[in-house]
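A short write-up of the structure that comes next.
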Amino acid sequence: MNPIIPDWPAPFRIRAFSTMRSGGLSTAPYHGLEKGDGGLNLGLHVGDDARIVHENRALLRRFLPSEPVWLNQVHGNRVVDASRVGDVPDADASFACLPDVVCVIMTADCLPVLLCRHDGKAVAAAHAGWRGLVAGVLENAVSAISEKNGADIMAWMGPAIGPDAFEVGEDVREAFVQKDGRLSVAFEKREEKDGKYLADIYALARLTLHQAGVMQVYGGGFCTVSDAARFYSYRRDGVTGRMATGIWIDKSGGKQ
């Protein structure tokens with residue numbers, strides 16, 4: 001497994017990752033694209049063999065200090081304390097203030113956002129699809145760990161659908177504009193398709209984070225749809241796997 005390691009000035013104790021599609025045991029259509037390369041599908045809900053998914057999760061677990069706190073993501077705005085959940089909760093973000101508690105979310109086009117406090121004492125991971133963004137999942141995640149109205153938080157945006165691939169209808173644009181008119185700048189009208197727009201989910205998240213007081217925002221620039229070699233994409237393939245993006249506070253004080 002060779003995950004993406006966020007390039008951001010996180011505190012010394014913060015560790016984070018984002019997996020890619022290769023490096024596991026899943027077969028088509030959840031496979032890697034190199035010859036003989038198994039896929040690292042981590043989603044139990046996408047039709048893959050559950051036994052293989054658990055083996056893939058075990059491969060990821062070797063990289064982590066504890067079992068990740070998995071969520072049943074529902075495109076909402078609920079945030080849970082990862083150190084206190086029992087069964088898999090219905091939520092789209094989790095946070096942790098205790099060391100070695102791994103907050104993790106799964107995506108295959110939606111935007112994974114990692115958050116950490118500048119003092120390294122709190123972290124969060126959010127599943128920011130467009131519905132979650134409209135519903136306020138990022139604002140809720142920031143509120144869960146911030147002590148200074150977001151000014152003490154930094155964020156990293158992981159692999160998601162790129163601005164040249166995310167076509168949406170007028171209803172999606174209107175939902176964002178009703179939330180905050182300034183978000184209209186993240187939409188480009190498609191002249192050849194009536195009522196269709198290209199949406200920049202990275203810009204939408206960045207503007208939302210800025211409004212929540214988070215000015216240090218890193219990452220972005222990926223496109224899960226166009227980069228089939230590295231990423232799963234639901235919009236591109238329909239039946240496909242899920243990648244994981246996670247964060248934790250390292251009890252040992254080490255750094256990747």
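Chains: A, B, ... in order of the structure tokens. Residues: from 1 per chain. Ligands: from 1, in order shown.
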Contacts of Met1 (chain A) within 9 Å, only C-alpha atoms, excl. fewer than 3 positions in-chain, as a PDB file with N, CA and C atoms, in the first residue's frame:
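Printed below is selection.pdb as written:
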```pdb
ATOM      1  N   THR A  19      -5.794   6.743   0.827  1.00  0.00           N
ATOM      2  CA  THR A  19      -5.448   5.566   0.030  1.00  0.00           C
ATOM      3  C   THR A  19      -5.793   5.790  -1.441  1.00  0.00           C
ATOM      4  N   MET A  20      -5.226   4.950  -2.282  1.00  0.00           N
ATOM      5  CA  MET A  20      -5.553   4.936  -3.700  1.00  0.00           C
ATOM      6  C   MET A  20      -6.153   3.575  -4.054  1.00  0.00           C
ATOM      7  N   SER A  22      -5.061   1.003  -5.831  1.00  0.00           N
ATOM      8  CA  SER A  22      -4.196  -0.171  -5.950  1.00  0.00           C
ATOM      9  C   SER A  22      -3.625  -0.597  -4.598  1.00  0.00           C
ATOM     10  N   GLY A  23      -3.126  -1.827  -4.571  1.00  0.00           N
ATOM     11  CA  GLY A  23      -2.409  -2.312  -3.405  1.00  0.00           C
ATOM     12  C   GLY A  23      -3.184  -3.260  -2.520  1.00  0.00           C
ATOM     13  N   GLY A  24      -4.337  -3.734  -2.999  1.00  0.00           N
ATOM     14  CA  GLY A  24      -5.129  -4.654  -2.204  1.00  0.00           C
ATOM     15  C   GLY A  24      -5.377  -5.968  -2.922  1.00  0.00           C
ATOM     16  N   LEU A  40      -7.573  -1.929  -3.695  1.00  0.00           N
ATOM     17  CA  LEU A  40      -7.677  -1.728  -2.250  1.00  0.00           C
ATOM     18  C   LEU A  40      -9.054  -1.123  -1.938  1.00  0.00           C
ATOM     19  N   LEU A  59      -4.996  -4.852   5.699  1.00  0.00           N
ATOM     20  CA  LEU A  59      -3.774  -4.280   5.117  1.00  0.00           C
ATOM     21  C   LEU A  59      -3.624  -2.817   5.537  1.00  0.00           C
ATOM     22  N   LEU A  60      -4.711  -2.067   5.514  1.00  0.00           N
ATOM     23  CA  LEU A  60      -4.662  -0.678   5.958  1.00  0.00           C
ATOM     24  C   LEU A  60      -4.346  -0.598   7.444  1.00  0.00           C
ATOM     25  N   PHE A  63      -0.891  -0.061   8.878  1.00  0.00           N
ATOM     26  CA  PHE A  63      -0.334   1.270   8.735  1.00  0.00           C
ATOM     27  C   PHE A  63      -0.762   2.193   9.872  1.00  0.00           C
TER      28      PHE A  63
END
```
### Task
Quick one: everything within 9 Å of Met243 (chain A), counting only C-alpha atoms, minus sequence neighbours fewer than 6 positions away in the same chain. Send it as number ranges by chain.
A: 18-21, 40-43, 105-108, 231-232
Write out, as a PDB file, in the first residue's frame, the residues just selected, with C-alpha atoms.
```pdb
ATOM      1  CA  SER A  18      -5.423   8.977   1.689  1.00  0.00           C
ATOM      2  CA  THR A  19      -5.448   5.566   0.030  1.00  0.00           C
ATOM      3  CA  MET A  20      -5.553   4.936  -3.700  1.00  0.00           C
ATOM      4  CA  ARG A  21      -7.219   2.143  -5.680  1.00  0.00           C
ATOM      5  CA  LEU A  40      -7.677  -1.728  -2.250  1.00  0.00           C
ATOM      6  CA  ASN A  41     -11.445  -1.389  -2.008  1.00  0.00           C
ATOM      7  CA  LEU A  42     -12.376  -0.532   1.577  1.00  0.00           C
ATOM      8  CA  GLY A  43     -16.150  -0.260   1.162  1.00  0.00           C
ATOM      9  CA  ILE A 105     -14.091   8.532   5.790  1.00  0.00           C
ATOM     10  CA  MET A 106     -14.571   6.768   2.450  1.00  0.00           C
ATOM     11  CA  THR A 107     -14.977   8.399  -0.965  1.00  0.00           C
ATOM     12  CA  ALA A 108     -15.038   7.736  -4.689  1.00  0.00           C
ATOM     13  CA  PHE A 231      -8.505   6.542  -8.049  1.00  0.00           C
ATOM     14  CA  TYR A 232     -11.902   4.916  -7.855  1.00  0.00           C
TER      15      TYR A 232
END
```
### Task
Would you please extract all alpha helix (DSSP H) residues from region 20-242 of chain A, as assigned by DSSP on the backbone, and give them as an NGL selection string?
:A and (50-61 or 130-135 or 137-145 or 170-179 or 201-211 or 234-237)
### Message
Taking only C-alpha atoms into account, name the residue in A:His31, A:Lys179, A:Arg117, A:Arg190 that is nearest to Ala228 (chain A).
### Response
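Of all the options, A:His31 lies closest to Ala228 (chain A).
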### Query
In terms of the shortest atom-to-atom distance over only C-alpha atoms, which of A:Arg173, A:Lys121, A:Arg62, A:His45 is closest to Ile249 (chain A)?
A:Lys121
#### Entry: Exercise: Ser26 (chain A) partners within 12 Å, only C-alpha atoms, chain neighbours under 2 positions left out, as a ChimeraX atom specification
/A:21-24,28-33,36-44,46-57,240-242
Per residue of region 52-140 of chain A within 9 Å of region 5-16 of chain A, which atom pair is closest and at what distance in Å (one decimal), using only C-alpha atoms, listed by chain and increasing number, as a Markdown table?
```
| residue | atom | partner | partner_atom | distance |
| --- | --- | --- | --- | --- |
| A:Leu114 | CA | A:Ala16 | CA | 8.1 |
| A:Cys116 | CA | A:Ala10 | CA | 7.3 |
| A:Arg117 | CA | A:Pro11 | CA | 8.2 |
| A:His118 | CA | A:Pro11 | CA | 6.3 |
| A:Asp119 | CA | A:Pro11 | CA | 6.7 |
| A:Gly120 | CA | A:Pro11 | CA | 5.4 |
| A:Lys121 | CA | A:Arg13 | CA | 8.7 |
| A:Val123 | CA | A:Ile14 | CA | 8.1 |
```
### Task
Return the single residue from A:Glu139, A:Asp109, A:Asp100, A:Asp237 that is closest to Pro65 (chain A), with distances computed using only C-alpha atoms.
A:Asp100
### Query
What is the distance between CA of Ala151 (chain A) and CA of Ala212 (chain A), in Å to one decimal?
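Distance reported for this atom pair: 8.4 Å.
Taking only C-alpha atoms, the non-local environment of Leu183 (chain A) within 12 Å (same-chain residues fewer than 2 positions away omitted) comprises Leu133, Val134, Val172, Arg173, Glu174, Ala175, Phe176, Val177, Gln178, Lys179, Asp180, Gly181, Val185, Ala186, Phe187, Glu188, Ala199, Asp200, Ile201, Tyr202, Ala203, Leu204, Ala205, Arg206, Leu207, Thr208, Leu209, His210 and Gln211 of chain A.
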Go ahead and save the residues from that selection, with N, CA, C and O atoms, as an mmCIF file, in the first residue's frame.
```
data_model
loop_
_atom_site.group_PDB
_atom_site.id
_atom_site.type_symbol
_atom_site.label_atom_id
_atom_site.label_comp_id
_atom_site.auth_asym_id
_atom_site.auth_seq_id
_atom_site.Cartn_x
_atom_site.Cartn_y
_atom_site.Cartn_z
ATOM 1 N N LEU A 133 -21.894 19.388 1.905
ATOM 2 C CA LEU A 133 -21.422 20.770 1.908
ATOM 3 C C LEU A 133 -22.568 21.742 2.111
ATOM 4 O O LEU A 133 -22.470 22.689 2.899
ATOM 5 N N VAL A 134 -23.663 21.523 1.396
ATOM 6 C CA VAL A 134 -24.829 22.391 1.556
ATOM 7 C C VAL A 134 -25.389 22.280 2.975
ATOM 8 O O VAL A 134 -25.783 23.287 3.587
ATOM 9 N N VAL A 172 -28.592 21.958 -8.054
ATOM 10 C CA VAL A 172 -27.408 21.920 -7.199
ATOM 11 C C VAL A 172 -26.841 23.332 -7.024
ATOM 12 O O VAL A 172 -26.538 23.762 -5.906
ATOM 13 N N ARG A 173 -26.710 24.050 -8.126
ATOM 14 C CA ARG A 173 -26.213 25.429 -8.035
ATOM 15 C C ARG A 173 -27.111 26.269 -7.133
ATOM 16 O O ARG A 173 -26.607 27.016 -6.275
ATOM 17 N N GLU A 174 -28.407 26.138 -7.294
ATOM 18 C CA GLU A 174 -29.343 26.937 -6.516
ATOM 19 C C GLU A 174 -29.243 26.618 -5.027
ATOM 20 O O GLU A 174 -29.368 27.503 -4.171
ATOM 21 N N ALA A 175 -29.007 25.352 -4.704
ATOM 22 C CA ALA A 175 -28.881 24.965 -3.297
ATOM 23 C C ALA A 175 -27.698 25.676 -2.641
ATOM 24 O O ALA A 175 -27.802 26.148 -1.495
ATOM 25 N N PHE A 176 -26.591 25.769 -3.356
ATOM 26 C CA PHE A 176 -25.420 26.466 -2.816
ATOM 27 C C PHE A 176 -25.638 27.972 -2.762
ATOM 28 O O PHE A 176 -25.266 28.627 -1.779
ATOM 29 N N VAL A 177 -26.219 28.528 -3.800
ATOM 30 C CA VAL A 177 -26.430 29.975 -3.846
ATOM 31 C C VAL A 177 -27.396 30.415 -2.753
ATOM 32 O O VAL A 177 -27.222 31.484 -2.152
ATOM 33 N N GLN A 178 -28.408 29.599 -2.475
ATOM 34 C CA GLN A 178 -29.331 29.927 -1.393
ATOM 35 C C GLN A 178 -28.627 29.891 -0.046
ATOM 36 O O GLN A 178 -28.951 30.672 0.857
ATOM 37 N N LYS A 179 -27.651 28.993 0.090
ATOM 38 C CA LYS A 179 -26.885 28.937 1.324
ATOM 39 C C LYS A 179 -25.996 30.163 1.472
ATOM 40 O O LYS A 179 -25.934 30.794 2.529
ATOM 41 N N ASP A 180 -25.298 30.534 0.395
ATOM 42 C CA ASP A 180 -24.389 31.678 0.400
ATOM 43 C C ASP A 180 -24.164 32.107 -1.046
ATOM 44 O O ASP A 180 -23.584 31.361 -1.836
ATOM 45 N N GLY A 181 -24.630 33.285 -1.385
ATOM 46 C CA GLY A 181 -24.531 33.767 -2.762
ATOM 47 C C GLY A 181 -23.118 33.819 -3.290
ATOM 48 O O GLY A 181 -22.899 33.721 -4.507
ATOM 49 N N VAL A 185 -19.522 31.651 -7.559
ATOM 50 C CA VAL A 185 -18.285 31.742 -8.353
ATOM 51 C C VAL A 185 -17.697 30.367 -8.639
ATOM 52 O O VAL A 185 -16.827 30.233 -9.505
ATOM 53 N N ALA A 186 -18.155 29.338 -7.930
ATOM 54 C CA ALA A 186 -17.619 27.989 -8.121
ATOM 55 C C ALA A 186 -18.346 27.223 -9.222
ATOM 56 O O ALA A 186 -18.061 26.044 -9.441
ATOM 57 N N PHE A 187 -19.252 27.900 -9.928
ATOM 58 C CA PHE A 187 -20.024 27.247 -10.984
ATOM 59 C C PHE A 187 -19.782 27.933 -12.328
ATOM 60 O O PHE A 187 -19.789 29.160 -12.417
ATOM 61 N N GLU A 188 -19.560 27.126 -13.355
ATOM 62 C CA GLU A 188 -19.361 27.627 -14.716
ATOM 63 C C GLU A 188 -20.475 27.069 -15.605
ATOM 64 O O GLU A 188 -20.624 25.853 -15.734
ATOM 65 N N ALA A 199 -19.160 22.324 -11.704
ATOM 66 C CA ALA A 199 -18.978 22.767 -10.325
ATOM 67 C C ALA A 199 -17.572 22.421 -9.846
ATOM 68 O O ALA A 199 -17.055 21.341 -10.125
ATOM 69 N N ASP A 200 -16.963 23.331 -9.123
ATOM 70 C CA ASP A 200 -15.636 23.133 -8.545
ATOM 71 C C ASP A 200 -15.816 22.829 -7.062
ATOM 72 O O ASP A 200 -15.979 23.730 -6.242
ATOM 73 N N ILE A 201 -15.811 21.537 -6.726
ATOM 74 C CA ILE A 201 -16.064 21.147 -5.341
ATOM 75 C C ILE A 201 -14.949 21.605 -4.411
ATOM 76 O O ILE A 201 -15.178 21.896 -3.226
ATOM 77 N N TYR A 202 -13.729 21.718 -4.950
ATOM 78 C CA TYR A 202 -12.620 22.226 -4.135
ATOM 79 C C TYR A 202 -12.848 23.688 -3.779
ATOM 80 O O TYR A 202 -12.631 24.108 -2.636
ATOM 81 N N ALA A 203 -13.290 24.479 -4.745
ATOM 82 C CA ALA A 203 -13.570 25.897 -4.485
ATOM 83 C C ALA A 203 -14.729 26.036 -3.503
ATOM 84 O O ALA A 203 -14.695 26.896 -2.608
ATOM 85 N N LEU A 204 -15.755 25.218 -3.654
ATOM 86 C CA LEU A 204 -16.885 25.269 -2.738
ATOM 87 C C LEU A 204 -16.452 24.970 -1.305
ATOM 88 O O LEU A 204 -16.871 25.650 -0.359
ATOM 89 N N ALA A 205 -15.621 23.961 -1.137
ATOM 90 C CA ALA A 205 -15.137 23.615 0.198
ATOM 91 C C ALA A 205 -14.218 24.697 0.753
ATOM 92 O O ALA A 205 -14.307 25.065 1.935
ATOM 93 N N ARG A 206 -13.334 25.219 -0.093
ATOM 94 C CA ARG A 206 -12.401 26.251 0.359
ATOM 95 C C ARG A 206 -13.143 27.501 0.824
ATOM 96 O O ARG A 206 -12.852 28.061 1.897
ATOM 97 N N LEU A 207 -14.113 27.944 0.029
ATOM 98 C CA LEU A 207 -14.893 29.121 0.405
ATOM 99 C C LEU A 207 -15.690 28.868 1.684
ATOM 100 O O LEU A 207 -15.796 29.746 2.551
ATOM 101 N N THR A 208 -16.248 27.662 1.803
ATOM 102 C CA THR A 208 -17.000 27.309 3.010
ATOM 103 C C THR A 208 -16.107 27.313 4.236
ATOM 104 O O THR A 208 -16.479 27.830 5.300
ATOM 105 N N LEU A 209 -14.911 26.761 4.104
ATOM 106 C CA LEU A 209 -13.970 26.749 5.219
ATOM 107 C C LEU A 209 -13.542 28.167 5.594
ATOM 108 O O LEU A 209 -13.434 28.502 6.783
ATOM 109 N N HIS A 210 -13.298 29.000 4.591
ATOM 110 C CA HIS A 210 -12.939 30.385 4.876
ATOM 111 C C HIS A 210 -14.040 31.079 5.665
ATOM 112 O O HIS A 210 -13.766 31.821 6.612
ATOM 113 N N GLN A 211 -15.288 30.848 5.263
ATOM 114 C CA GLN A 211 -16.406 31.458 5.979
ATOM 115 C C GLN A 211 -16.517 30.926 7.412
ATOM 116 O O GLN A 211 -17.039 31.614 8.287
#
```
### Query
Neighbours of Asn77 (chain A) within 12 Å (only C-alpha atoms; same-chain residues fewer than 5 positions away dropped), as JSON, numbers by chain?
{"A": [90, 91, 92, 93, 94, 126, 127, 128, 129, 130, 131, 132, 133, 134, 135, 136, 137, 138, 139, 140, 141, 142, 143, 144]}
Write a file of the just-selected residues containing C-alpha atoms, as a PDB file, in the first residue's frame.
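Result file is result.pdb:
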```
ATOM      1  CA  ASP A  90     -24.802   7.215  10.708  1.00  0.00           C
ATOM      2  CA  ALA A  91     -22.565  10.270  10.290  1.00  0.00           C
ATOM      3  CA  ASP A  92     -20.450  12.101   7.736  1.00  0.00           C
ATOM      4  CA  ALA A  93     -17.630  13.355   9.936  1.00  0.00           C
ATOM      5  CA  SER A  94     -15.818  12.344  13.083  1.00  0.00           C
ATOM      6  CA  ALA A 126     -15.305  14.966   6.925  1.00  0.00           C
ATOM      7  CA  HIS A 127     -17.132  13.446   3.953  1.00  0.00           C
ATOM      8  CA  ALA A 128     -17.935  16.547   1.880  1.00  0.00           C
ATOM      9  CA  GLY A 129     -20.077  15.596  -1.069  1.00  0.00           C
ATOM     10  CA  TRP A 130     -22.230  18.379  -2.433  1.00  0.00           C
ATOM     11  CA  ARG A 131     -25.181  17.509  -0.212  1.00  0.00           C
ATOM     12  CA  GLY A 132     -23.005  17.468   2.874  1.00  0.00           C
ATOM     13  CA  LEU A 133     -21.422  20.770   1.908  1.00  0.00           C
ATOM     14  CA  VAL A 134     -24.829  22.391   1.556  1.00  0.00           C
ATOM     15  CA  ALA A 135     -25.989  20.843   4.830  1.00  0.00           C
ATOM     16  CA  GLY A 136     -23.004  22.225   6.750  1.00  0.00           C
ATOM     17  CA  VAL A 137     -20.832  19.185   7.443  1.00  0.00           C
ATOM     18  CA  LEU A 138     -17.634  21.236   7.262  1.00  0.00           C
ATOM     19  CA  GLU A 139     -18.914  23.970   9.554  1.00  0.00           C
ATOM     20  CA  ASN A 140     -20.010  21.332  12.068  1.00  0.00           C
ATOM     21  CA  ALA A 141     -16.649  19.550  11.915  1.00  0.00           C
ATOM     22  CA  VAL A 142     -14.801  22.831  12.464  1.00  0.00           C
ATOM     23  CA  SER A 143     -17.053  23.677  15.410  1.00  0.00           C
ATOM     24  CA  ALA A 144     -16.420  20.262  16.946  1.00  0.00           C
TER      25      ALA A 144
END
```
